[in-house]
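Report on one structure; see the data block that follows.
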Amino acid sequence: MKRTSFAQWPCSIARTMDLLGDWWTPLVLRDAFYGVRRFDEFQQALGIARNTLADRLKRLVDEGLLEKVAYQTEPVRYDYVLTEKGRDFYPVLLAMTRWGDKWLATEAGPPITVHHLACGHDTHAEIVCADCGEPMTPADTRMRRGPGFPPRLAHRPDVEARFAAQE
């Protein structure tokens with residue numbers, strides 16, 4: 001069954017889910033942040049089928065989140081290294097971790113903690129405004145059409161209603 005592509009939708013969440021919207025891809029990226037770099041290491045750490053892992057790694061390389069760097073020539077073998085685009089996914093993983101720790105952790109507590117080396121504390125992700133530094137919540141933020149919103153959709157009644165409700 002072919003899945004619907006969200007790659008052209010006028011929504012960054014939809015486009016991100018188009019790229020990362022299966023359960024293995026964020027886990028491959030998580031393990032890359034843990035320092036996993038080689039195909040067999042990913043396969044062993046995740047218990048993922050080799051063909052599925054090959055597909056996910058190829059997609060992440062093609063999309064520029066990982067880079068293949070040869071570490072052996074006979075036969076050619078590669079490390080998969082996070083690029084700037086890949087490293088930029090880290091706050092997303094931290095936000096997912098915080099939500100999971102709050103809503104899905106057992107009575108024993110979160111399975112993993114995030115330790116901030118700069119201050120020496122265990123911590124969690126916090127979404128704050130890039131301009132004023134205040135926390136961002138649904139009650140004090142609104143979604144508005146941005147400069148990349150397609151003009152052909154801007155005046156559809158459902159779109160106008162969606163954004164009017166935000167004002």
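Identifiers in this document derive from the order of the structure tokens: chains are assigned A, B, ..., residues are numbered from 1 separately in each chain, and ligands are numbered from 1 in order of occurrence.
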
- Residue set, range 10-162 of chain A restricted to strand (DSSP E), as an MDAnalysis selection string: chainID A and resid 66:73 76:82 114:116 121:123

- Contacts of Leu66 in chain A at 12 Å or less, counting only C-alpha atoms, minus same-chain residues fewer than 6 places along, as number ranges by chain? A: 25, 28-29, 32-33, 36-38, 56-60, 78-89

- Task: Name the residues of chain A that fall into alpha helix (DSSP H) according to DSSP on the backbone, using the chain letters and numbers of this document, as a ChimeraX atom specification.
- Result: /A:12-20,24-33,39-46,50-62,84-87,90-103,151-154,157-164

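Here the question is which of A:Ala7, A:Ala49, A:Tyr90, A:Arg162 gets nearest to Met143 in chain A using only C-alpha atoms, and that residue is A:Arg162.
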
- Task: Give me the residues within 12 Å of range 138-140 of chain A as a list in words, counting only C-alpha atoms and dropping any in the same chain fewer than 2 places off.
- Result: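 Non-adjacent residues within range: Ile127, Val128, Cys129, Glu134, Pro135, Met136, Arg142, Met143, Gln166 and Glu167 of chain A.
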
Export of prior selection with all heavy atoms as a compact mmCIF listing (two decimals), in the first residue's frame:
```txt
# COMPACT_ATOMS: atom_id res chain seq x y z
N ILE A 127 10.59 24.51 25.76
CA ILE A 127 10.40 25.32 24.56
C ILE A 127 10.18 26.76 25.00
O ILE A 127 9.21 27.06 25.71
CB ILE A 127 9.20 24.82 23.73
CG1 ILE A 127 9.36 23.34 23.39
CG2 ILE A 127 9.02 25.67 22.48
CD1 ILE A 127 10.57 23.00 22.56
N VAL A 128 11.08 27.63 24.58
CA VAL A 128 10.98 29.04 24.94
C VAL A 128 11.04 29.90 23.68
O VAL A 128 11.58 29.48 22.66
CB VAL A 128 12.10 29.47 25.93
CG1 VAL A 128 12.01 28.69 27.23
CG2 VAL A 128 13.47 29.33 25.31
N CYS A 129 10.50 31.09 23.79
CA CYS A 129 10.53 32.04 22.68
C CYS A 129 11.98 32.45 22.40
O CYS A 129 12.72 32.80 23.33
CB CYS A 129 9.68 33.27 23.04
SG CYS A 129 9.79 34.58 21.79
N GLU A 134 10.73 33.52 27.19
CA GLU A 134 9.60 33.02 27.98
C GLU A 134 9.11 31.69 27.43
O GLU A 134 9.18 31.45 26.22
CB GLU A 134 8.45 34.03 27.97
CG GLU A 134 8.74 35.30 28.74
CD GLU A 134 8.90 35.05 30.23
OE1 GLU A 134 8.08 34.31 30.81
OE2 GLU A 134 9.87 35.57 30.82
N PRO A 135 8.61 30.80 28.30
CA PRO A 135 8.05 29.53 27.82
C PRO A 135 6.91 29.76 26.83
O PRO A 135 6.16 30.73 26.94
CB PRO A 135 7.52 28.86 29.09
CG PRO A 135 8.30 29.49 30.20
CD PRO A 135 8.56 30.91 29.76
N MET A 136 6.82 28.86 25.86
CA MET A 136 5.76 28.94 24.85
C MET A 136 4.73 27.85 25.15
O MET A 136 5.08 26.68 25.31
CB MET A 136 6.34 28.75 23.46
CG MET A 136 7.27 29.89 23.07
SD MET A 136 8.07 29.63 21.47
CE MET A 136 6.67 29.67 20.37
N ARG A 142 0.12 31.64 18.71
CA ARG A 142 -0.83 31.49 17.61
C ARG A 142 -0.06 31.10 16.36
O ARG A 142 1.07 31.55 16.15
CB ARG A 142 -1.58 32.80 17.32
CG ARG A 142 -2.41 33.32 18.48
CD ARG A 142 -3.58 32.37 18.77
NE ARG A 142 -4.38 32.84 19.88
CZ ARG A 142 -4.20 32.48 21.16
NH1 ARG A 142 -3.25 31.66 21.50
NH2 ARG A 142 -5.00 32.94 22.10
N MET A 143 -0.69 30.29 15.54
CA MET A 143 -0.11 29.93 14.25
C MET A 143 -0.65 30.91 13.20
O MET A 143 -1.86 31.18 13.17
CB MET A 143 -0.51 28.50 13.84
CG MET A 143 -0.06 27.45 14.83
SD MET A 143 1.73 27.36 14.88
CE MET A 143 1.93 25.95 15.93
N GLN A 166 -7.38 31.47 15.03
CA GLN A 166 -6.14 31.66 15.78
C GLN A 166 -5.97 33.11 16.25
O GLN A 166 -5.13 33.38 17.09
CB GLN A 166 -4.94 31.28 14.91
CG GLN A 166 -4.80 29.82 14.65
CD GLN A 166 -4.22 29.09 15.83
OE1 GLN A 166 -3.22 29.50 16.40
NE2 GLN A 166 -4.86 28.00 16.21
N GLU A 167 -6.74 34.02 15.67
CA GLU A 167 -6.53 35.44 16.01
C GLU A 167 -7.32 35.87 17.23
O GLU A 167 -8.19 35.31 17.70
CB GLU A 167 -6.88 36.30 14.80
CG GLU A 167 -5.89 36.03 13.68
CD GLU A 167 -6.22 36.79 12.41
OE1 GLU A 167 -7.08 37.68 12.42
OE2 GLU A 167 -5.58 36.49 11.41
```

- Contact residues around Ser12 in chain A with only C-alpha atoms at 12 Å, ignoring same-chain residues under 3 positions, as a PyMOL selection string: chain A and resi 6-9+15-20+143+145-146+148-149

- Message: Residues within 9 Å of Ala45 in chain A, please, as a list in words. Count only C-alpha atoms; anything in the same chain fewer than 4 positions from it doesn't count.
- Response: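 Surrounding residues, per the criterion: Asp31, Val36, Asp40 and Glu41 of chain A.
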
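CA of Arg152 in chain A is positioned 20.7 Å from CA of Thr4 in chain A.
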
- Shell around range 99-103 of chain A at 10 Å using only C-alpha atoms, local window under 3 positions removed, as number ranges by chain: A: 93-96, 106, 109-113, 124-125

- Item | Atomic distance CA of Pro26 in chain A - CA of Thr137 in chain A, expressed in Å with one decimal | 24.2 Å
